[in-house]
Each structure stands twice: as C-alpha cells, then as structure tokens.
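Trainee: Pasting a structure here, questions to come.
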Amino acid sequence: MARSSDAPRPPDDSRWRELLSHAGPAGRWIVDHDWAGTPLGPLADWPPSLRTALVLCLHSPTPAALWWGPELVLLANDGYLALLGPAGTRALGRPASAVWPDAVPALTGVLTATRVTSRHGDDGAGPVFSSGPVVDAAGHPQGVLTTVTAAPGGTADAATHGGPVVAADGDRRRALRQAKGLARLAGALSAAGSREAVMDVVGAVTPGLVGADGVRVAAATAGAWELTVTDDTGTGELRVTDDEPLARAVREETTVPLPDGLCLPLRDGGGAVLGALEVRWDGPAADEEARRILLDAVAGLCSQALRRAELTASARAMAEFAARLSVTRSTGEAIDVILDAAPMALGAALPGLAMRDEGRRVRLWHAELPSGLVATFDDLTIDDPRPIAHALRTGERIILRNRAEFAARHPGLPDPAGEYGMVTTVVLPLLDASRRPIAALGFGWPRERTLHDDDLALLDTVADLCEQTLERVRLAAAEHNLVTRLAGRLRTSATIGPPGLELATRYQPAMSGLHLGGDWYDLVDLDDGRLAVVVGDVVGHQVEAAADMAQLRTVVNTLIRSGVPLAEVFPRLTGLLGVGFLGTCLAMVVDPVAGQAQVARVGHPHPVLLRPGRPPETVWTGHSLPLGLVRDPVPVTTVAFGPGDLLVAYTDGLVERRDQAYDAGVTALHEVLVPVRDQPVEVIADTLLTKLSGSDDDQALVVIRHAG
C-alpha cells in the first residue's frame, strides 16, 4: 500500500520578493519572469539556499553572479550584467555555456569539488573573479556564487569592462568585509555537526558580522513547547508561550521589531519555524535597509545550518533505532523497542501500538501512557471509528495537524489525545509481507507540527523498519516453534527417574534461523535405583547434525543399558560408528542410594555441583579427546551426591557468547543458580534458560536434585 500525503506549501514569500524587487532592474526582471518552464522551476518553489544566495548576490555593491543547478543558470546583479555589455540583460536565466563558455570548466569544478577558485584578468591587472560553492541544508553544493573586485593596485572602469565594475571605495570595503564575514559564518556553520554547535557559531560570529551589541539565538524542536536559547552568557530554555521576543517570533512566525534591534524567525524550506535570531545594536544604523538585507542573509544561513543539524540528528536517531530493532528476538522485544525508540527518532510523545487480539478486540501496547488515556482504549474493537483502529483496519496512514482536523473528521467523537495535550497526531499502519495491516503505531506532539516531504519519508522509514522487524520475529517464532516440536520428537525421554531424585530437562533450539541442532540429553533408568544422564552436542546444525545426534543418542543409550562401564562407552562408540562425526558428550551415573555420582566427559563442559549452604563448584574430570576421536578409556570422576545436593549438566550454548569469554559465561551460570538453589528443579531450569538467554546456539540442560 503506497503511502502519500500532500506536501506543505512554502510560506508567504512576499518579503523575499520585495527584497528582490528593490535590487534594481535585475531583481525586478527575476521577480517578473516566468520560470515555470525553466530548469529552476516556479519562483515560489525555489529552495532556501537559492533564495539566500540570490539576495546576497543582487544586493552586493560589487558585481556578483549566481550560477545555479547542473546547467549553471545565470542570476546576476546589475553590476555584473554591466560587465557583459549590451547583451547583459539577455543573459539572465541562460546557462553558463551560452553566457561565458570559457568559464564553464572552472565553475563546474567549484560545483562538483566544493572548492573556492579565482580567475584574474588576462593582463593581471583587471578585475578578480572569485567563485565559491553554495550548499543546501544537507551540505550538498547546488550552485556557484561569483563576485568581481578590482585587482590590488588596479582599477576597472566602464570603458574597459563595459560598465561600472567598482562602487565607491567605502561601499566596496564594507561589502568586502561583509562578504568575508558571511563566508566565515557559512564555513563555520558547515562544520557544525549539531544544533548546539550551530547555535554556538551563530552567537560567536554574528555580532562582529552585523556590528551588533548582542545576539541571541533560539532553536525550536518541532512539535515541542521548549526553546533552547544561546547567548554570550550560556544556554538556557524558554517556553514558546513566554512573553519574550524570541518566543514571539517562533510562536507568531513573524519578525518582531525591537526598540534597538530585530528578532527574525528562522525557517526551513517548507516554512516551518526552526527557531529565531535576536539582534540588538547600541545605536541607530546608517543604512537600515542594508542592515536588514544582511540580517536576512545571516538568518538564511542559520536556517540552513539548523535544518542540516536537525536532519543529521534524525539520521543518527534512525540508525540507533534500526540497530536496536535488528537484535530483537521476539515480538515482545520488538514492541518494547518500537515504543521506546521510534518516538525518540521522531521527537514525538505518548506512543501506542495497536494489534488485533481475540475476536474483534484490539489490544493496545504502550509505554508509560497516562492511566486515564489508557482506560479510554480498554474497549477498543477493530471496527472502532478512532484513528488507531481505523488505521489497523484499513492500512491508511492518518495525519491530523491539529484537533480541529480531528473534530472535522470525527464529529462528536471524544478526543482523548487532545485532552492529554496532543495537538498534531499521526497513526502509521504497519503491514505484513502481503501488505495487510498487522498493527498501528500512534503518537503525537504537544504543539502543532508541520510535516514536510522529508518528514513524511522519515515516517515511511519508521514504518518500514517496524514492519520488517515484526515480520522477522514472527517468522523466527514460527520456525522456533517448529524446531522445538521436531526436536522434542527426537529428544523425548522419560523424566520421572528413580525414587529420591527430582529431574528437570530442557532443550531450546537456536533462535536464529531454522536450526535443528545437534544438542541432546537422555535419561536412562538403570537397576538398583541408579540413573544415567547423558548430555551431548554434535558439531553443526540442520538435518545432518540432527541425524548424527539421533544415531549417537541411540548408540550411547544402548551401550549404557548393556552395562558397559562409563570409561568404555565413548571408545566403544568410536569403534561402532567410526570418526565421521565430531562433538562433545557428558555421561553421569547418579546413585542416590550410595550417595554418589560418576562422571565421564569427552570435550564437554564440566557439570556444576551445588551443595546446601555452599557456593557452586565445578566437577573437574580428566582430559579426553572430543567425541568421535576417542579410542582409549576415558577418566571417570566420582563425587559425593547426598540429600539436598544439586547437579546441573548442560551444553555450551548455555554459557558461550560471542561478546564474552567462556569463563565469564560459567561464572554467570553459578551466579544465577545461587538465588534459586532451593526452588523446585523446574523453576531452576526455567530460570537458567531465561537469565542466560541470548545464545546463537542450541541449549540442552538437565537439573537433578537428591531429594533424600
């Protein structure tokens, strides 16, 4: 099912058009020209990076040109057009290949390599053409800005160069200072990797650039009420509702005039306010219009940097979200991660996940939702008209920008999300491999949030990650259940045992993939009230390992029942089956009447003995070759095994982990045993598997207690 939504329109650009119109004939021509059929597209859709660079270009007192896009379409001020002579005006909107073919290689190099280059006049004393890249909010070069100045010690006049190249000395020096300052600001902002770093750069560089007595910058988190504010005293917070110029500029989305300065909103390309810039001066400005143009340029650079930092932070959060989802092993784990990490990646609040329950009922999974809000969903059914049930039923993505939209869509329906402070709410349907809805994820923001194209793409990414994870764990659970049933057929063994012993056995296949592994256990009742316990592990997975395991289990069982001594069981096994397999095995004969246990081990983990009132101890045995290579009798160790004693035999899947040493796994096993030592053996077995979960291998386990 395709996900789509109308993209928000850009904000009212009357201020921007006004700035262009006041920039001489070139600016008025650009405003009046029909750009719809050109590579740049309609004027209203021009991106913020192009708008900011164009304002700088057109209002520059020195000749300046902006070459935009792969075609390097020319947008230039009057001074630059004068350099081109009578054909200057006709050059606007044309590609560089038609205007200045010789400069195309240099301009293309700047656009593709993002390096500043300079081109001098042929005689070495003419004007200097300096070009640098213009980047968008994501840091990608989109155009080239070229400025023209006289060479040191040289001049340029209209007779030589076709028009007024250099303005008055005072204006030129001021323009150069501003150009250098803007370049410094742009460079510092491009290196700022976080929102905090962007705000620090703005606070440090802007005062000198605009000649201000004080600068404050506020950053708004989309959909949140708090603003982060930075000035020369440090960092603090404001509420959007506060009676402060910065808060007003964000709240009202407009410029706030101050007695000694201005407070401008910082907008992204879709018009959403990212924050605000407050600038104050110690005295009146000589040229208020020039100052405002410079401030607009600074605000544009700040906006792009904040948006870039926002996208970078979002990418990091999404990467962490994906990483956490990738290691989930069950539906419950996946739901926990979705409810915890998805809102963090989106900056959202009050997440809830709806899934079908028995019959027509819908179950809501949540993390720390207010109890009153949860109670409103107690009776939720699949045909409920509320958004989360509707999305689960139909697979439709629902975006409600505010509560008025909710009321218009659901007249007369209670709005619990609005009652608990949410303004913008979203419900994402989560679909299975057949594109049928299997869940619906809802969340919201306490302040109205505008969702742009990249925000909608982020929502789609969140939904895709959740869908893939839920499908993966569902398939894994089905495979695991299948393997467990098959394994039970192969490993079934009586667990009643002789009088005086309490027994618990467990087999858990690997969680990753359809692995019918080679781990097994077996219990063999012997005469005189004795019990033989066998735990083994054949190298490998899939059908071959299971077949080897079944054959080995049968032969070992037969040898033990036939009265073969423990020391001879494994060499006899090699003699009967050869060496076409490899693995480990532990065999014990437990005699509760005699109060002892005999242990023989071939490459297998040592069993653990736990006596009343004493710490767990490893039952050490003599060394032997692994299963399949044994030709000589193996050492047999006899240990006392009296009333209350506990023996635990297991395969290495219980203690081996890729991220820890083997001994650390054994230590963890001992630590888990101690608190549950007096519990029933079934509880002990379950606890061991639960507390020592996370293995990529099969796990077989036998727990024996001498009941006295």
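Naming scheme: A, B, ... for chains in displayed order of the structure tokens; residues 1 onward per chain; ligands 1 onward as shown.
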Would you list the contacts of A:Ser14 as a list in words, taking every protein, DNA or RNA residue within 12 Å and counting only C-alpha atoms, but skipping same-chain residues closer than 6 positions in sequence?

Mentor: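 Non-adjacent residues within range: Leu20, Ser21, Val31, Leu43 and Ala44 of chain A.
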
Trainee: Filtering to C-alpha atoms, could you give me those residues as a PDB file, in the first residue's frame?

Mentor:
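And here's part_12.pdb as it stands now:
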```
ATOM      1  CA  LEU A  20      14.420  41.107  -4.994  1.00  0.00           C
ATOM      2  CA  SER A  21      12.290  43.917  -6.407  1.00  0.00           C
ATOM      3  CA  VAL A  31      10.548  38.603  -9.979  1.00  0.00           C
ATOM      4  CA  LEU A  43       9.819  31.155  -8.337  1.00  0.00           C
ATOM      5  CA  ALA A  44       7.621  30.143  -5.379  1.00  0.00           C
TER       6      ALA A  44
END
```

Trainee: I'd like to know which of A:Gly261, A:Pro675, A:Pro616, A:Pro509 is closest to A:Thr651, using only C-alpha atoms.

Mentor: A:Pro509

Trainee: Applying 10 Å and only C-alpha atoms, which residues near A:Gly642 remain after dropping the ones on its own chain fewer than 2 positions away? List them as a list in words.

Mentor: Asp591, Pro592, Val593, Ala594, Gly595, Gln596, Ala597, Arg611, Pro612, Val639, Ala640, Gly644, Asp645, Leu646, Arg705, His706, Ala707 and Gly708 of chain A

Trainee: Excluding A:Thr424 and any residue of its chain fewer than 5 positions from it, enumerate the residues within 7 Å of it, using only C-alpha atoms, and give them as JSON, numbers by chain.

Mentor: {"A": [400, 401, 402, 444, 445, 446, 447, 448, 449]}

Trainee: For each of A:Ala138, A:Leu246, A:Val535, A:Leu369, take the minimum atom-to-atom distance to A:Ala315, counting only C-alpha atoms, then give the residue where this is smallest.

Mentor: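 Closest candidate: A:Ala138.
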